[in-house]
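Right, one structure below, let's go through it.
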Amino acid sequence: MDVRQYTIRDKLDICQVLDITGEVARSTGFTDKESLLLCLAAEEACTNAYEYMTENGQGNFHIYWRVFPDRLVMEVTEPGDCFSITLRQETNDQPRGRGIQLILSIMDEVRLNFTQSSLSVVMEKRKGEH
């Protein structure tokens with residue numbers, strides 16, 4: 001298993017996350033379309049974490065890419081609180097909450113891991129499954 005990690009301190013770092021995600025996805029064997037969708041999922045997860053971080057005066061958060069022979073796992077870890085992830089069939093016309101729905105529709109599996117001091121959004125995409 002190959003692991004990469006990046007620390008997000010400001011909004012410009014999210015652009016670097018997109019570059020790294022695309023590079024990791026393509027080198028792992030995902031198609032250009034799949035790589036673009038993985039970049040979108042990473043961007044949404046990081047944007048959510050960044051907004052939480054700035055609203056609550058947090059310093060930074062991390063993203064990890066774990067490459068397995070059959071899948072890519074991305075994990076965004078932040079000092080944060082619990083929230084719900086449920087794929088909804090109805091249209092969300094609220095000002096918030098569409099990003100997690102987008103992530104759920106792109107990824108094969110999304111789960112939350114909580115500790116006393118952090119929250120991790122773990123997103124998994126298997127190769128060859130759309």
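Chain lettering (A, B, ...) mirrors the order of the structure tokens, residue numbering begins at 1 for each chain separately, and ligand numbering begins at 1 in order of display.
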Original post:
Neighbours of range 10-27 of chain A within 12 Å (only C-alpha atoms; same-chain residues fewer than 6 positions away dropped), as a PyMOL selection string?
Top reply: chain A and resi 2-4+33-51+53-54+58-76+124-127
**OP:** Could you tell me which of A:Leu112, A:Pro79, A:Ser117, A:Gly128 comes closest to Gly57 in chain A if we count only C-alpha atoms?
**Re:**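 Ranking A:Leu112, A:Pro79, A:Ser117, A:Gly128 by distance to Gly57 in chain A, first place goes to A:Pro79.
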Original post:
Contacts of Val110 in chain A at 8 Å or less, counting only C-alpha atoms, minus same-chain residues fewer than 6 places along, as a ChimeraX atom specification?
Top reply: /A:103-104,121-124
Writer output for current selection, C-alpha atoms, as a CSV table (one decimal), in the first residue's frame:
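Saved to result-v5.csv:
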```csv
chain,number,residue,atom,x,y,z
A,103,ILE,CA,-19.4,12.6,-2.7
A,104,LEU,CA,-21.8,9.8,-1.9
A,121,VAL,CA,-14.3,11.4,6.2
A,122,VAL,CA,-13.1,8.2,4.5
A,123,MET,CA,-13.9,7.8,0.8
A,124,GLU,CA,-13.2,4.7,-1.2
```
